[in-house]
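The file protein_17.csv contains CSV, C-alpha atoms:
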chain,number,residue,atom,x,y,z
A,8,MET,CA,74.3,105.9,79.1
A,9,GLN,CA,76.7,107.7,76.9
A,10,GLN,CA,75.6,111.1,78.2
A,11,HIS,CA,76.2,109.8,81.8
A,12,ILE,CA,79.7,108.8,81.0
A,13,ARG,CA,80.5,112.2,79.4
A,14,TRP,CA,79.0,114.1,82.4
A,15,ALA,CA,81.1,111.9,84.7
A,16,LYS,CA,84.3,112.4,82.8
A,17,GLN,CA,83.8,116.2,82.9
A,18,ALA,CA,83.6,116.0,86.7
A,19,GLY,CA,86.9,114.1,87.0
A,20,ILE,CA,85.4,110.6,87.3
A,21,ASN,CA,87.7,107.8,86.0
A,22,GLY,CA,85.0,105.1,85.8
A,23,PHE,CA,82.0,103.4,87.3
A,24,ILE,CA,81.9,100.6,89.8
A,25,VAL,CA,78.9,98.7,88.4
A,26,SER,CA,76.6,96.5,90.5
A,27,TRP,CA,76.2,93.1,88.8
A,28,LYS,CA,75.5,89.5,89.1
A,29,SER,CA,74.8,87.2,86.1
A,30,MET,CA,71.2,87.6,85.0
A,31,PRO,CA,70.0,88.0,81.4
A,32,LYS,CA,68.8,91.6,81.8
A,33,LEU,CA,71.8,92.7,83.8
A,34,ASN,CA,74.2,91.0,81.3
A,35,ARG,CA,72.6,92.9,78.4
A,36,ARG,CA,72.8,96.2,80.2
A,37,LEU,CA,76.4,95.6,81.2
A,38,GLU,CA,77.3,94.7,77.6
A,39,GLN,CA,75.8,98.0,76.4
A,40,LEU,CA,77.8,99.9,79.1
A,41,ILE,CA,81.0,98.1,78.2
A,42,GLU,CA,80.7,99.1,74.6
A,43,LEU,CA,80.1,102.7,75.4
A,44,ALA,CA,82.9,102.7,78.0
A,45,GLU,CA,85.4,101.5,75.4
A,46,THR,CA,84.2,104.2,72.9
A,47,GLU,CA,84.6,106.9,75.6
A,48,ASN,CA,87.9,105.6,77.1
A,49,PHE,CA,86.1,105.1,80.4
A,50,LYS,CA,86.9,102.4,82.9
A,51,LEU,CA,84.7,99.9,84.8
A,52,LEU,CA,85.0,97.8,87.9
A,53,ILE,CA,82.4,95.3,89.1
A,54,ILE,CA,80.8,95.1,92.5
A,55,TYR,CA,79.4,91.6,92.7
A,56,GLN,CA,76.2,91.3,94.6
A,57,GLY,CA,76.9,88.4,97.0
A,58,LEU,CA,73.8,88.9,99.1
A,59,ASP,CA,70.2,88.4,98.1
A,60,PHE,CA,67.2,90.8,98.8
A,61,GLU,CA,66.9,89.5,102.3
A,62,ARG,CA,70.7,90.3,102.9
A,63,GLU,CA,71.5,86.6,103.1
A,64,PRO,CA,74.5,85.1,101.2
A,65,ILE,CA,73.8,83.6,97.9
A,66,PRO,CA,75.2,80.0,97.3
A,67,VAL,CA,78.9,80.1,96.8
A,68,GLU,CA,78.5,77.9,93.8
A,69,LYS,CA,76.4,80.7,92.2
A,70,VAL,CA,79.2,83.2,92.9
A,71,ALA,CA,81.8,80.9,91.2
A,72,ARG,CA,79.6,80.3,88.2
A,73,ASP,CA,78.9,84.0,87.7
A,74,LEU,CA,82.6,84.9,88.0
A,75,ASP,CA,83.4,82.2,85.5
A,76,TYR,CA,80.9,83.7,83.1
A,77,PHE,CA,82.4,87.2,83.7
A,78,VAL,CA,86.0,86.1,83.1
A,79,TYR,CA,85.0,84.1,80.0
A,80,ARG,CA,83.0,86.9,78.4
A,81,TRP,CA,84.7,90.1,79.5
A,82,GLY,CA,87.9,89.2,81.3
A,83,ASN,CA,90.2,90.6,78.6
A,84,HIS,CA,88.1,93.6,77.7
A,85,PRO,CA,90.0,96.9,77.8
A,86,ALA,CA,87.2,98.7,79.7
A,87,PHE,CA,88.3,96.6,82.8
A,88,ASP,CA,92.1,97.1,82.6
A,89,LEU,CA,92.5,100.1,84.9
A,90,PHE,CA,94.7,98.1,87.3
A,91,GLY,CA,96.1,95.7,84.7
A,92,ARG,CA,93.2,93.2,85.0
A,93,PRO,CA,89.6,93.3,86.0
A,94,VAL,CA,88.7,94.3,89.6
A,95,VAL,CA,85.7,92.6,91.2
A,96,ILE,CA,84.5,93.7,94.6
A,97,TRP,CA,82.7,90.9,96.4
A,98,SER,CA,79.9,92.6,98.2
A,99,GLY,CA,78.9,90.9,101.5
A,100,THR,CA,82.1,89.0,102.2
A,101,TRP,CA,81.4,89.2,105.9
A,102,GLU,CA,78.5,86.7,105.4
A,103,PHE,CA,80.8,84.0,103.9
A,104,SER,CA,83.1,81.6,105.7
A,105,VAL,CA,86.9,81.6,105.1
A,106,GLU,CA,86.5,78.3,103.3
A,107,GLU,CA,83.8,79.6,101.0
A,108,ILE,CA,85.8,82.7,100.1
A,109,ALA,CA,88.9,80.5,99.4
A,110,SER,CA,86.9,78.1,97.2
A,111,VAL,CA,86.2,81.0,94.8
A,112,THR,CA,89.2,83.2,95.0
A,113,GLU,CA,91.7,80.4,94.5
A,114,ARG,CA,90.0,79.7,91.1
A,115,PHE,CA,90.2,83.2,89.7
A,116,ARG,CA,93.0,85.3,91.3
A,117,ASP,CA,95.4,84.5,88.4
A,118,ARG,CA,92.9,86.3,86.1
A,119,ILE,CA,91.1,89.0,88.1
A,120,TYR,CA,91.7,91.0,91.3
A,121,ILE,CA,89.0,90.1,93.9
A,122,LEU,CA,88.5,92.6,96.7
A,123,ALA,CA,86.7,92.0,99.9
A,124,SER,CA,84.0,94.5,101.1
A,125,GLU,CA,84.8,94.3,104.8
A,126,ARG,CA,83.6,97.0,107.1
A,127,ASN,CA,86.3,96.9,109.7
A,128,LEU,CA,89.9,96.0,110.2
A,129,GLU,CA,89.2,92.6,111.8
A,130,GLY,CA,86.9,91.6,108.9
A,131,TYR,CA,89.7,92.4,106.4
A,132,GLN,CA,92.3,90.6,108.4
A,133,ARG,CA,90.2,87.4,108.4
A,134,LEU,CA,90.4,87.3,104.6
A,135,ARG,CA,93.7,89.1,104.0
A,136,HIS,CA,95.5,86.1,102.4
A,137,LEU,CA,92.5,85.2,100.2
A,138,VAL,CA,91.8,88.6,98.5
A,139,ASP,CA,93.6,91.4,96.6
A,140,GLY,CA,92.5,94.3,98.8
A,141,ASN,CA,89.3,95.8,100.2
A,142,ALA,CA,86.6,98.3,99.1
A,143,TYR,CA,84.5,99.7,101.9
A,144,TYR,CA,80.9,100.7,101.0
A,145,TRP,CA,80.1,103.2,103.8
A,146,SER,CA,77.4,105.6,102.6
A,147,SER,CA,75.6,106.2,106.0
A,148,VAL,CA,78.5,107.5,108.1
A,149,ASN,CA,77.9,111.0,109.6
A,150,PRO,CA,81.3,112.6,109.9
A,151,ASP,CA,80.0,115.0,112.5
A,152,THR,CA,79.0,112.3,115.0
A,153,TYR,CA,81.1,109.2,114.3
A,154,PRO,CA,84.2,109.2,116.6
A,155,GLY,CA,87.4,108.1,115.0
A,156,TYR,CA,85.9,108.2,111.4
A,157,GLU,CA,89.1,109.2,109.6
A,158,GLU,CA,91.3,107.0,111.8
A,159,LYS,CA,89.2,104.0,110.9
A,160,LEU,CA,89.7,104.6,107.2
A,161,GLN,CA,93.4,105.2,107.7
A,162,GLU,CA,93.8,102.0,109.8
A,163,MET,CA,92.1,99.9,107.1
A,164,GLY,CA,94.1,101.5,104.3
A,165,ASP,CA,97.4,100.9,106.1
A,166,ALA,CA,96.5,97.2,106.6
A,167,VAL,CA,95.5,96.6,103.0
A,168,HIS,CA,98.6,98.3,101.7
A,169,ALA,CA,100.9,96.4,104.1
A,170,ASP,CA,99.7,93.3,102.2
A,171,GLY,CA,100.3,94.9,98.8
A,172,GLY,CA,96.6,95.1,98.1
A,173,LEU,CA,94.3,97.7,96.5
A,174,TRP,CA,92.4,100.0,98.9
A,175,ILE,CA,89.2,101.7,97.7
A,176,ALA,CA,88.0,104.2,100.3
A,177,PRO,CA,84.4,105.4,100.6
A,178,ALA,CA,82.9,108.9,100.4
A,179,ALA,CA,79.3,110.1,99.9
A,180,PRO,CA,77.5,113.4,99.5
A,181,GLY,CA,74.9,112.5,102.1
A,182,PHE,CA,72.4,109.8,103.0
A,183,ASP,CA,68.7,109.3,103.8
A,184,ALA,CA,67.4,105.9,104.8
A,185,ARG,CA,63.8,107.0,105.1
A,186,LEU,CA,62.9,105.8,101.6
A,187,ILE,CA,64.1,102.3,102.4
A,188,GLY,CA,62.4,102.0,105.8
A,189,GLY,CA,65.1,103.5,108.0
A,190,THR,CA,65.5,106.7,110.0
A,191,ARG,CA,69.1,107.7,109.5
A,192,VAL,CA,69.8,111.0,107.7
A,193,VAL,CA,73.1,112.6,106.9
A,194,GLU,CA,72.5,116.1,105.5
A,195,ARG,CA,74.2,117.1,102.3
A,196,LYS,CA,74.9,120.7,103.4
A,197,ASP,CA,75.1,121.9,99.8
A,198,GLY,CA,78.3,119.9,99.2
A,199,GLU,CA,80.1,120.3,102.5
A,200,THR,CA,79.5,116.7,103.5
A,201,LEU,CA,80.9,115.5,100.2
A,202,LYS,CA,84.0,117.7,100.6
A,203,ARG,CA,84.6,116.5,104.2
A,204,GLU,CA,84.1,112.8,103.3
A,205,PHE,CA,86.3,113.1,100.3
A,206,ALA,CA,89.1,114.6,102.4
A,207,ALA,CA,88.7,111.8,105.0
A,208,ALA,CA,88.9,109.1,102.3
A,209,LEU,CA,92.0,110.9,100.8
A,210,SER,CA,93.7,110.8,104.2
A,211,SER,CA,93.7,107.0,104.1
A,212,SER,CA,96.0,107.1,101.0
A,213,PRO,CA,93.7,105.1,98.8
A,214,ASP,CA,94.4,103.7,95.4
A,215,ALA,CA,91.0,105.0,94.4
A,216,ILE,CA,87.9,106.6,96.1
A,217,GLY,CA,84.6,104.8,95.6
A,218,LEU,CA,82.1,107.7,95.6
A,219,ILE,CA,78.7,106.5,96.7
A,220,SER,CA,77.0,106.9,94.4
A,221,TRP,CA,76.2,107.8,90.8
A,222,ASN,CA,72.5,106.9,90.9
A,223,GLU,CA,71.5,105.4,94.2
A,224,PHE,CA,68.3,107.6,94.5
A,225,SER,CA,66.8,105.3,97.2
A,226,GLU,CA,69.3,106.3,99.8
A,227,ASN,CA,69.8,109.9,98.4
A,228,SER,CA,73.5,109.5,97.8
A,229,HIS,CA,73.3,110.1,94.0
A,230,ILE,CA,75.4,112.8,92.3
A,231,GLU,CA,74.1,112.4,88.8
A,232,PRO,CA,72.0,115.4,87.6
A,233,SER,CA,68.5,115.2,89.1
A,234,GLU,CA,65.4,117.2,89.4
A,235,LYS,CA,66.1,118.1,93.1
A,236,TYR,CA,69.8,119.0,92.9
A,237,GLY,CA,70.4,119.8,89.2
A,238,ALA,CA,74.1,119.4,88.5
A,239,ARG,CA,75.2,120.7,91.8
A,240,TYR,CA,77.1,117.6,93.0
A,241,LEU,CA,79.0,117.2,89.7
A,242,GLU,CA,80.0,120.8,90.2
A,243,VAL,CA,81.2,120.2,93.7
A,244,LEU,CA,83.1,117.1,92.6
A,245,ALA,CA,84.7,119.0,89.7
A,246,GLN,CA,85.8,121.7,92.2
A,247,ILE,CA,87.4,119.1,94.4
A,248,ARG,CA,89.2,117.7,91.4
A,249,GLY,CA,90.4,121.1,90.3
A,250,LEU,CA,88.3,121.1,87.1
A,251,PRO,CA,85.8,123.5,85.6
A,252,ALA,CA,82.2,123.0,86.2
A,253,PRO,CA,80.7,120.3,83.9
A,254,ASP,CA,78.5,121.4,81.1
A,255,VAL,CA,75.3,119.4,81.3
A,256,GLY,CA,74.0,121.0,78.1
A,257,ASN,CA,70.2,121.3,78.0
A,258,PHE,CA,69.6,119.4,81.2
A,259,ASP,CA,66.7,121.0,83.0
A,260,SER,CA,66.4,120.1,86.7
A,261,ASP,CA,62.7,121.1,86.7
A,262,ALA,CA,61.9,118.8,83.8
A,263,PRO,CA,60.2,115.4,84.3
A,264,ALA,CA,62.9,112.7,84.9
A,265,ALA,CA,63.3,110.0,82.3
A,266,THR,CA,63.3,107.2,84.8
A,267,GLY,CA,61.0,108.8,87.4
A,268,ALA,CA,63.9,109.6,89.8
A,269,GLY,CA,66.6,111.1,87.6
A,270,TYR,CA,68.3,110.3,84.3
A,271,GLY,CA,69.4,106.9,85.6
A,272,LEU,CA,71.2,104.0,84.1
A,273,PRO,CA,68.3,101.6,83.9
A,274,MET,CA,68.9,98.3,85.8
A,275,ILE,CA,72.5,99.0,86.6
A,276,GLY,CA,73.4,100.7,89.9
A,277,ALA,CA,76.8,102.4,89.8
A,278,MET,CA,79.3,103.9,92.2
A,279,VAL,CA,81.8,106.4,91.0
A,280,LEU,CA,85.5,105.6,90.7
A,281,LEU,CA,88.1,108.3,91.3
A,282,LEU,CA,91.7,107.2,90.8
A,283,ILE,CA,93.8,108.8,93.5
A,284,ALA,CA,97.1,107.0,94.2
A,285,SER,CA,100.2,108.3,92.6
A,286,LEU,CA,101.7,106.2,89.9
A,287,ALA,CA,104.7,105.6,92.0
A,288,ALA,CA,102.6,104.2,94.9
A,289,ILE,CA,100.7,101.9,92.5
A,290,VAL,CA,103.9,100.6,91.0
A,291,TRP,CA,105.4,100.0,94.4
A,292,ARG,CA,102.4,98.0,95.6
A,293,GLU,CA,102.2,96.0,92.3
A,294,ALA,CA,105.9,95.2,92.7
A,295,TYR,CA,105.2,94.1,96.2
A,296,ARG,CA,102.5,91.7,95.0
A,297,ARG,CA,104.8,90.2,92.5
A,298,LYS,CA,107.3,89.3,95.2
A,299,GLN,CA,104.9,87.4,97.4
A,300,PRO,CA,105.3,83.6,97.3
A,301,VAL,CA,102.4,81.6,95.9
A,302,ASP,CA,101.9,79.7,99.2
A,303,SER,CA,101.4,82.9,101.2
A,304,GLY,CA,98.1,83.5,99.5
A,305,ARG,CA,99.3,86.4,97.4
A,306,ARG,CA,99.7,86.0,93.7
A,307,ASN,CA,103.1,85.9,92.0
A,308,THR,CA,102.0,87.8,88.9
A,309,THR,CA,103.7,89.2,85.9
A,310,ASP,CA,101.0,91.6,84.9
A,311,GLU,CA,101.6,95.1,83.7
A,312,THR,CA,101.7,97.7,86.4
A,313,ALA,CA,99.0,100.4,86.6
A,314,ALA,CA,101.7,102.9,85.5
A,315,ASP,CA,102.0,101.0,82.2
A,316,LEU,CA,98.3,101.6,81.5
A,317,LEU,CA,97.6,105.1,82.6

Could the structure of this file be written out as structure tokens, please?
Amino acid sequence: MQQHIRWAKQAGINGFIVSWKSMPKLNRRLEQLIELAETENFKLLIIYQGLDFEREPIPVEKVARDLDYFVYRWGNHPAFDLFGRPVVIWSGTWEFSVEEIASVTERFRDRIYILASERNLEGYQRLRHLVDGNAYYWSSVNPDTYPGYEEKLQEMGDAVHADGGLWIAPAAPGFDARLIGGTRVVERKDGETLKREFAAALSSSPDAIGLISWNEFSENSHIEPSEKYGARYLEVLAQIRGLPAPDVGNFDSDAPAATGAGYGLPMIGAMVLLLIASLAAIVWREAYRRKQPVDSGRRNTTDETAADLL
């Protein structure tokens, strides 16, 4: 895990967005990652898995219990303080009713930021007064064939920022659904797809870009060093970020992989977090959040701004 964090930092990555829900094995793995993140001055966000393996919503009582556990155990840990307090992205919010979302967010929004994971403007607007922003997981888009791709991201980013929320825009190096029973393929084009999707995400003025992914081998969106691609996609990302190519040391892309797919973080899936917004923009939006009356659904918080922390 420590080597992964160091590779990521060399490529200009600010943190991992870690897939989690409360299970003994995942809790142990997350605890290990948190300890290493603190040592390496690396940040973490959580993407909470609100859907089960059949893509059905888990009981909202389970969501509340898990977030209660997270806040109690890690809510004040510095690894989660990138935006002043922990950020939890609730995956699958479109499968929950407004009442179910409200029953959870009203309990925790004075201690953590809870972001929706809506896939379009209408979905976000349904929940806009109940959440602190939106993070869009869109790994399968083909920028060559999807009409209005950039405009959709810009529209969503504008709406989230109009509410004073955090907007995490998506980008990916490519996609291949054939290993998970699908047919859709978005070619990587030796880094050109990543460059184009990164530029599209950037055009939406995000607070951060959620790069999909660090180690999602099943949909071929990973950028961690691997047998097939070596360190190519860390090199492309470093180039985008204006940094020298990462030194992956003795990594041998032809050597057998430690996990069978790549040098993965066992049992923890991770997206990549790239902080984008200028400090001035983050301060403005945090100040906007502070001014919102409590009964509007936005918090009236006195937290530190992101500028105080970076």

Interface rows for region 125-150 of chain A against region 52-62 of chain A: nearest pair, Å to one decimal, 12 Å, only C-alpha atoms, as CSV:
residue,atom,partner,partner_atom,distance
A:Asn141,CA,A:Ile54,CA,11.5
A:Ala142,CA,A:Ile54,CA,9.4
A:Tyr143,CA,A:Ile54,CA,11.1
A:Tyr144,CA,A:Ile54,CA,10.2

For Val243 (chain A), the nearest of the candidates A:Asp117, A:Ser228, A:Thr46, A:Ala18, counting only C-alpha atoms: A:Ala18

Atomic distance CA of Phe115 (chain A) - CA of Ser146 (chain A), expressed in Å with one decimal: 28.8 Å

Å distance separating CA of Glu199 (chain A) from CA of Asn127 (chain A), one decimal place: 25.3 Å

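With distances taken over all atoms listed in the file, A:Ser211 is the one residue among A:Ser211, A:Ser98, A:Pro154, A:Ala252 lying closest to Trp174 (chain A).
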
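Between Trp97 (chain A) and the candidates A:Ser147, A:Gln132, A:Ser26, A:Gln39, the tightest atom-to-atom separation, counting all atoms listed in the file, involves A:Ser26.
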
d(CA of Arg185 (chain A), CA of Asn149 (chain A)) in Å: 15.3 Å

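Shortest atom-to-atom contact with Glu102 (chain A) among A:Glu42, A:Asp165, A:Glu242, A:Glu125: A:Glu125, counting only C-alpha atoms.
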
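Shortest separation to Glu38 (chain A) among A:Met8, A:Ala169, A:Leu186, A:Val138 occurs at residue A:Met8, atoms counted being all atoms listed in the file.
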
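The list of residues with at least one atom within 8 Å of region 187-194 of chain A, based on all atoms listed in the file and without residues fewer than 6 positions apart in the same chain, reads A:Ser147, A:Val148, A:Asn149, A:Gly181, A:Thr200, A:Ser225, A:Glu226.
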